[in-house]
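Q: My questions will all concern the structure given below.
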Amino acid sequence: MKDMSEILCIIITNPKLIINEISTKMDERILRQHFNVYGEVKHVVVYFSKAIVFVTFVGPSKAQIALQQQQHITLGRNVYIRT
């Protein structure tokens, strides 16, 4: 498991986050709307068969802000983010 200093190092250069535990009711529009709160989202790629989403922000600092949030609840479901 990475400690916080490793995560922050990675996120500074990588604007992409991985979101786990998504519901099949979540779609690209809903996820984009949720993560746009932290900054402009460039891409959202949803893989329902694996219950995973890749969210890419325009800049790495916005991904860092989203990563630092304690909880992400979308459609009443807690989703987990990582780099």
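Numbering starts fresh at 1 for the residues of each chain in the structure tokens, the chains themselves are lettered A, B, ... in the order given, and ligands are numbered from 1 as they appear.
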So that I can see what lies close to stretch 28-30 of chain A, please list as a PyMOL selection string the residues with an atom at most 12 Å from it, counting only C-alpha atoms and leaving out residues fewer than 4 positions away in the same chain.
A: chain A and resi 22-24+34-37+41-48+52-55+73-75
Q: With N, CA, C and O atoms retained, write the just-selected residues as a PDB file, in the first residue's frame.
A:
ATOM      1  N   ILE A  22     -18.787   1.307  -8.586  1.00  0.00           N
ATOM      2  CA  ILE A  22     -19.851   2.075  -9.229  1.00  0.00           C
ATOM      3  C   ILE A  22     -21.094   1.203  -9.395  1.00  0.00           C
ATOM      4  O   ILE A  22     -21.023  -0.010  -9.422  1.00  0.00           O
ATOM      5  N   SER A  23     -22.209   1.880  -9.527  1.00  0.00           N
ATOM      6  CA  SER A  23     -23.490   1.220  -9.769  1.00  0.00           C
ATOM      7  C   SER A  23     -23.781   1.243 -11.260  1.00  0.00           C
ATOM      8  O   SER A  23     -23.334   2.147 -11.975  1.00  0.00           O
ATOM      9  N   THR A  24     -24.559   0.294 -11.731  1.00  0.00           N
ATOM     10  CA  THR A  24     -24.944   0.302 -13.149  1.00  0.00           C
ATOM     11  C   THR A  24     -25.886   1.455 -13.466  1.00  0.00           C
ATOM     12  O   THR A  24     -26.107   1.760 -14.631  1.00  0.00           O
ATOM     13  N   HIS A  34     -20.523  14.861 -11.096  1.00  0.00           N
ATOM     14  CA  HIS A  34     -20.000  14.734  -9.727  1.00  0.00           C
ATOM     15  C   HIS A  34     -18.557  15.231  -9.642  1.00  0.00           C
ATOM     16  O   HIS A  34     -18.215  16.010  -8.750  1.00  0.00           O
ATOM     17  N   PHE A  35     -17.706  14.817 -10.553  1.00  0.00           N
ATOM     18  CA  PHE A  35     -16.285  15.150 -10.459  1.00  0.00           C
ATOM     19  C   PHE A  35     -15.951  16.535 -11.005  1.00  0.00           C
ATOM     20  O   PHE A  35     -14.896  17.081 -10.680  1.00  0.00           O
ATOM     21  N   ASN A  36     -16.826  17.142 -11.790  1.00  0.00           N
ATOM     22  CA  ASN A  36     -16.605  18.515 -12.266  1.00  0.00           C
ATOM     23  C   ASN A  36     -16.580  19.516 -11.122  1.00  0.00           C
ATOM     24  O   ASN A  36     -16.059  20.612 -11.275  1.00  0.00           O
ATOM     25  N   VAL A  37     -17.114  19.147  -9.987  1.00  0.00           N
ATOM     26  CA  VAL A  37     -17.073  20.014  -8.804  1.00  0.00           C
ATOM     27  C   VAL A  37     -15.622  20.313  -8.414  1.00  0.00           C
ATOM     28  O   VAL A  37     -15.313  21.389  -7.919  1.00  0.00           O
ATOM     29  N   VAL A  41     -13.291  18.176 -16.075  1.00  0.00           N
ATOM     30  CA  VAL A  41     -13.025  16.782 -16.412  1.00  0.00           C
ATOM     31  C   VAL A  41     -12.835  16.667 -17.917  1.00  0.00           C
ATOM     32  O   VAL A  41     -13.664  17.131 -18.692  1.00  0.00           O
ATOM     33  N   LYS A  42     -11.747  16.054 -18.318  1.00  0.00           N
ATOM     34  CA  LYS A  42     -11.424  15.885 -19.735  1.00  0.00           C
ATOM     35  C   LYS A  42     -12.090  14.640 -20.317  1.00  0.00           C
ATOM     36  O   LYS A  42     -12.679  14.693 -21.389  1.00  0.00           O
ATOM     37  N   HIS A  43     -11.974  13.504 -19.605  1.00  0.00           N
ATOM     38  CA  HIS A  43     -12.534  12.239 -20.089  1.00  0.00           C
ATOM     39  C   HIS A  43     -13.158  11.457 -18.935  1.00  0.00           C
ATOM     40  O   HIS A  43     -12.637  11.494 -17.818  1.00  0.00           O
ATOM     41  N   VAL A  44     -14.221  10.730 -19.248  1.00  0.00           N
ATOM     42  CA  VAL A  44     -14.805   9.750 -18.322  1.00  0.00           C
ATOM     43  C   VAL A  44     -15.015   8.482 -19.131  1.00  0.00           C
ATOM     44  O   VAL A  44     -15.709   8.487 -20.141  1.00  0.00           O
ATOM     45  N   VAL A  45     -14.383   7.391 -18.690  1.00  0.00           N
ATOM     46  CA  VAL A  45     -14.525   6.107 -19.370  1.00  0.00           C
ATOM     47  C   VAL A  45     -15.098   5.117 -18.361  1.00  0.00           C
ATOM     48  O   VAL A  45     -14.503   4.881 -17.309  1.00  0.00           O
ATOM     49  N   VAL A  46     -16.270   4.556 -18.683  1.00  0.00           N
ATOM     50  CA  VAL A  46     -16.985   3.656 -17.778  1.00  0.00           C
ATOM     51  C   VAL A  46     -16.906   2.225 -18.300  1.00  0.00           C
ATOM     52  O   VAL A  46     -17.184   1.971 -19.469  1.00  0.00           O
ATOM     53  N   TYR A  47     -16.529   1.303 -17.403  1.00  0.00           N
ATOM     54  CA  TYR A  47     -16.517  -0.128 -17.705  1.00  0.00           C
ATOM     55  C   TYR A  47     -17.454  -0.826 -16.715  1.00  0.00           C
ATOM     56  O   TYR A  47     -17.046  -1.197 -15.613  1.00  0.00           O
ATOM     57  N   PHE A  48     -18.726  -0.955 -17.103  1.00  0.00           N
ATOM     58  CA  PHE A  48     -19.701  -1.548 -16.193  1.00  0.00           C
ATOM     59  C   PHE A  48     -19.386  -2.999 -15.879  1.00  0.00           C
ATOM     60  O   PHE A  48     -19.644  -3.463 -14.771  1.00  0.00           O
ATOM     61  N   ILE A  52     -15.889  -0.220 -12.825  1.00  0.00           N
ATOM     62  CA  ILE A  52     -14.766   0.713 -12.680  1.00  0.00           C
ATOM     63  C   ILE A  52     -14.907   1.861 -13.674  1.00  0.00           C
ATOM     64  O   ILE A  52     -15.457   1.693 -14.756  1.00  0.00           O
ATOM     65  N   VAL A  53     -14.401   3.014 -13.281  1.00  0.00           N
ATOM     66  CA  VAL A  53     -14.433   4.215 -14.122  1.00  0.00           C
ATOM     67  C   VAL A  53     -13.055   4.870 -14.070  1.00  0.00           C
ATOM     68  O   VAL A  53     -12.411   4.882 -13.025  1.00  0.00           O
ATOM     69  N   PHE A  54     -12.641   5.417 -15.188  1.00  0.00           N
ATOM     70  CA  PHE A  54     -11.435   6.237 -15.245  1.00  0.00           C
ATOM     71  C   PHE A  54     -11.868   7.666 -15.519  1.00  0.00           C
ATOM     72  O   PHE A  54     -12.555   7.925 -16.505  1.00  0.00           O
ATOM     73  N   VAL A  55     -11.488   8.567 -14.626  1.00  0.00           N
ATOM     74  CA  VAL A  55     -11.796   9.991 -14.780  1.00  0.00           C
ATOM     75  C   VAL A  55     -10.480  10.723 -14.961  1.00  0.00           C
ATOM     76  O   VAL A  55      -9.582  10.597 -14.130  1.00  0.00           O
ATOM     77  N   ILE A  73     -20.005  10.328  -2.643  1.00  0.00           N
ATOM     78  CA  ILE A  73     -21.290   9.642  -2.693  1.00  0.00           C
ATOM     79  C   ILE A  73     -22.020  10.101  -3.943  1.00  0.00           C
ATOM     80  O   ILE A  73     -22.257  11.289  -4.136  1.00  0.00           O
ATOM     81  N   THR A  74     -22.329   9.141  -4.801  1.00  0.00           N
ATOM     82  CA  THR A  74     -23.026   9.412  -6.054  1.00  0.00           C
ATOM     83  C   THR A  74     -24.233   8.491  -6.127  1.00  0.00           C
ATOM     84  O   THR A  74     -24.101   7.277  -5.953  1.00  0.00           O
ATOM     85  N   LEU A  75     -25.399   9.071  -6.364  1.00  0.00           N
ATOM     86  CA  LEU A  75     -26.653   8.314  -6.389  1.00  0.00           C
ATOM     87  C   LEU A  75     -26.824   7.489  -5.111  1.00  0.00           C
ATOM     88  O   LEU A  75     -27.268   6.350  -5.142  1.00  0.00           O
TER      89      LEU A  75
END
Q: As a PyMOL selection string, please: every residue in chain A that DSSP puts in strand (DSSP E).
A: chain A and resi 16-20+41-47+52-57+72-74+77-82
Q: Find the residue from A:Arg82, A:Arg77, A:Lys62, A:Lys25 that sits nearest to A:Gly39; use only C-alpha atoms when measuring.
A: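 Going through A:Arg82, A:Arg77, A:Lys62, A:Lys25 one by one, the smallest distance to A:Gly39 is for A:Lys62.
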Q: For A:Tyr80, find every residue with an atom within 9 Å (counting only C-alpha atoms), except residues of its own chain fewer than 2 positions away, and show them as an mmCIF file with N, CA and C atoms, in the first residue's frame.
A:
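Below you can see around-v1.cif, which holds the result:
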data_model
loop_
_atom_site.group_PDB
_atom_site.id
_atom_site.type_symbol
_atom_site.label_atom_id
_atom_site.label_comp_id
_atom_site.auth_asym_id
_atom_site.auth_seq_id
_atom_site.Cartn_x
_atom_site.Cartn_y
_atom_site.Cartn_z
ATOM 1 N N ILE A 18 -9.002 6.511 -10.666
ATOM 2 C CA ILE A 18 -9.734 5.268 -10.873
ATOM 3 C C ILE A 18 -10.832 5.231 -9.825
ATOM 4 N N ILE A 19 -12.053 4.997 -10.259
ATOM 5 C CA ILE A 19 -13.197 4.968 -9.357
ATOM 6 C C ILE A 19 -13.750 3.554 -9.338
ATOM 7 N N ASN A 20 -13.861 2.987 -8.134
ATOM 8 C CA ASN A 20 -14.368 1.626 -7.946
ATOM 9 C C ASN A 20 -15.748 1.660 -7.287
ATOM 10 N N GLU A 21 -16.408 0.524 -7.319
ATOM 11 C CA GLU A 21 -17.698 0.333 -6.648
ATOM 12 C C GLU A 21 -18.815 1.164 -7.270
ATOM 13 N N ILE A 22 -18.787 1.307 -8.586
ATOM 14 C CA ILE A 22 -19.851 2.075 -9.229
ATOM 15 C C ILE A 22 -21.094 1.203 -9.395
ATOM 16 N N GLN A 71 -15.073 11.337 1.279
ATOM 17 C CA GLN A 71 -16.100 10.469 0.709
ATOM 18 C C GLN A 71 -16.577 11.030 -0.619
ATOM 19 N N HIS A 72 -16.961 10.116 -1.483
ATOM 20 C CA HIS A 72 -17.603 10.478 -2.734
ATOM 21 C C HIS A 72 -18.879 9.656 -2.821
ATOM 22 N N ILE A 73 -20.005 10.328 -2.643
ATOM 23 C CA ILE A 73 -21.290 9.642 -2.693
ATOM 24 C C ILE A 73 -22.020 10.101 -3.943
ATOM 25 N N ASN A 78 -21.519 5.136 -1.968
ATOM 26 C CA ASN A 78 -20.157 5.566 -1.738
ATOM 27 C C ASN A 78 -19.241 4.917 -2.765
ATOM 28 N N ARG A 82 -8.929 6.211 -6.395
ATOM 29 C CA ARG A 82 -7.493 5.998 -6.194
ATOM 30 C C ARG A 82 -6.768 6.428 -7.470
#
Q: If you run DSSP on the backbone here, which positions in stretch 11-59 of chain A get helix (DSSP H, G or I)? Please write them as a ChimeraX atom specification.
A: /A:11-13,28-38,48-50
Q: So that I have them on file, write out the residues from the current selection with N, CA and C atoms, as a PDB file, in the first residue's frame.
A:
ATOM      1  N   ILE A  11       0.054  11.820  -8.132  1.00  0.00           N
ATOM      2  CA  ILE A  11      -1.074  12.613  -8.593  1.00  0.00           C
ATOM      3  C   ILE A  11      -0.626  13.963  -9.158  1.00  0.00           C
ATOM      4  N   ILE A  12       0.480  14.480  -8.685  1.00  0.00           N
ATOM      5  CA  ILE A  12       0.968  15.754  -9.209  1.00  0.00           C
ATOM      6  C   ILE A  12       1.254  15.651 -10.705  1.00  0.00           C
ATOM      7  N   THR A  13       1.666  14.497 -11.168  1.00  0.00           N
ATOM      8  CA  THR A  13       1.975  14.339 -12.583  1.00  0.00           C
ATOM      9  C   THR A  13       0.895  13.576 -13.349  1.00  0.00           C
ATOM     10  N   GLU A  28     -21.863   8.124 -17.627  1.00  0.00           N
ATOM     11  CA  GLU A  28     -20.807   9.116 -17.831  1.00  0.00           C
ATOM     12  C   GLU A  28     -21.261  10.511 -17.406  1.00  0.00           C
ATOM     13  N   ARG A  29     -22.491  10.872 -17.746  1.00  0.00           N
ATOM     14  CA  ARG A  29     -23.011  12.205 -17.427  1.00  0.00           C
ATOM     15  C   ARG A  29     -23.042  12.443 -15.917  1.00  0.00           C
ATOM     16  N   ILE A  30     -23.534  11.474 -15.159  1.00  0.00           N
ATOM     17  CA  ILE A  30     -23.636  11.606 -13.704  1.00  0.00           C
ATOM     18  C   ILE A  30     -22.253  11.694 -13.072  1.00  0.00           C
ATOM     19  N   LEU A  31     -21.347  10.849 -13.515  1.00  0.00           N
ATOM     20  CA  LEU A  31     -19.991  10.863 -12.963  1.00  0.00           C
ATOM     21  C   LEU A  31     -19.236  12.132 -13.338  1.00  0.00           C
ATOM     22  N   ARG A  32     -19.413  12.585 -14.552  1.00  0.00           N
ATOM     23  CA  ARG A  32     -18.776  13.844 -14.982  1.00  0.00           C
ATOM     24  C   ARG A  32     -19.296  15.001 -14.132  1.00  0.00           C
ATOM     25  N   GLN A  33     -20.594  15.031 -13.897  1.00  0.00           N
ATOM     26  CA  GLN A  33     -21.207  16.086 -13.086  1.00  0.00           C
ATOM     27  C   GLN A  33     -20.649  16.053 -11.657  1.00  0.00           C
ATOM     28  N   HIS A  34     -20.523  14.861 -11.096  1.00  0.00           N
ATOM     29  CA  HIS A  34     -20.000  14.734  -9.727  1.00  0.00           C
ATOM     30  C   HIS A  34     -18.557  15.231  -9.642  1.00  0.00           C
ATOM     31  N   PHE A  35     -17.706  14.817 -10.553  1.00  0.00           N
ATOM     32  CA  PHE A  35     -16.285  15.150 -10.459  1.00  0.00           C
ATOM     33  C   PHE A  35     -15.951  16.535 -11.005  1.00  0.00           C
ATOM     34  N   ASN A  36     -16.826  17.142 -11.790  1.00  0.00           N
ATOM     35  CA  ASN A  36     -16.605  18.515 -12.266  1.00  0.00           C
ATOM     36  C   ASN A  36     -16.580  19.516 -11.122  1.00  0.00           C
ATOM     37  N   VAL A  37     -17.114  19.147  -9.987  1.00  0.00           N
ATOM     38  CA  VAL A  37     -17.073  20.014  -8.804  1.00  0.00           C
ATOM     39  C   VAL A  37     -15.622  20.313  -8.414  1.00  0.00           C
ATOM     40  N   TYR A  38     -14.722  19.381  -8.675  1.00  0.00           N
ATOM     41  CA  TYR A  38     -13.317  19.522  -8.287  1.00  0.00           C
ATOM     42  C   TYR A  38     -12.460  20.160  -9.371  1.00  0.00           C
ATOM     43  N   PHE A  48     -18.726  -0.955 -17.103  1.00  0.00           N
ATOM     44  CA  PHE A  48     -19.701  -1.548 -16.193  1.00  0.00           C
ATOM     45  C   PHE A  48     -19.386  -2.999 -15.879  1.00  0.00           C
ATOM     46  N   SER A  49     -18.817  -3.733 -16.833  1.00  0.00           N
ATOM     47  CA  SER A  49     -18.522  -5.154 -16.598  1.00  0.00           C
ATOM     48  C   SER A  49     -17.514  -5.343 -15.459  1.00  0.00           C
ATOM     49  N   LYS A  50     -16.695  -4.313 -15.207  1.00  0.00           N
ATOM     50  CA  LYS A  50     -15.703  -4.389 -14.134  1.00  0.00           C
ATOM     51  C   LYS A  50     -16.031  -3.446 -12.982  1.00  0.00           C
TER      52      LYS A  50
END
Q: Could you tell me how far atom CA of A:Asp27 sits from atom CA of A:Gln69, in Å to one decimal place?
A: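 We find that atom CA of A:Gln69 and atom CA of A:Asp27 lie 21.1 Å from each other.
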Q: Atom CA of A:Gln64 and atom CA of A:Glu40 are how many Å apart?
A: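 Between these atoms lies a distance of 12.6 Å.
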Q: For a test of reading the model, state the distance in Å between atom CA of A:Asn14 and atom CA of A:Pro60, rounded to one decimal.
A: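 These atoms are spaced 5.5 Å apart.
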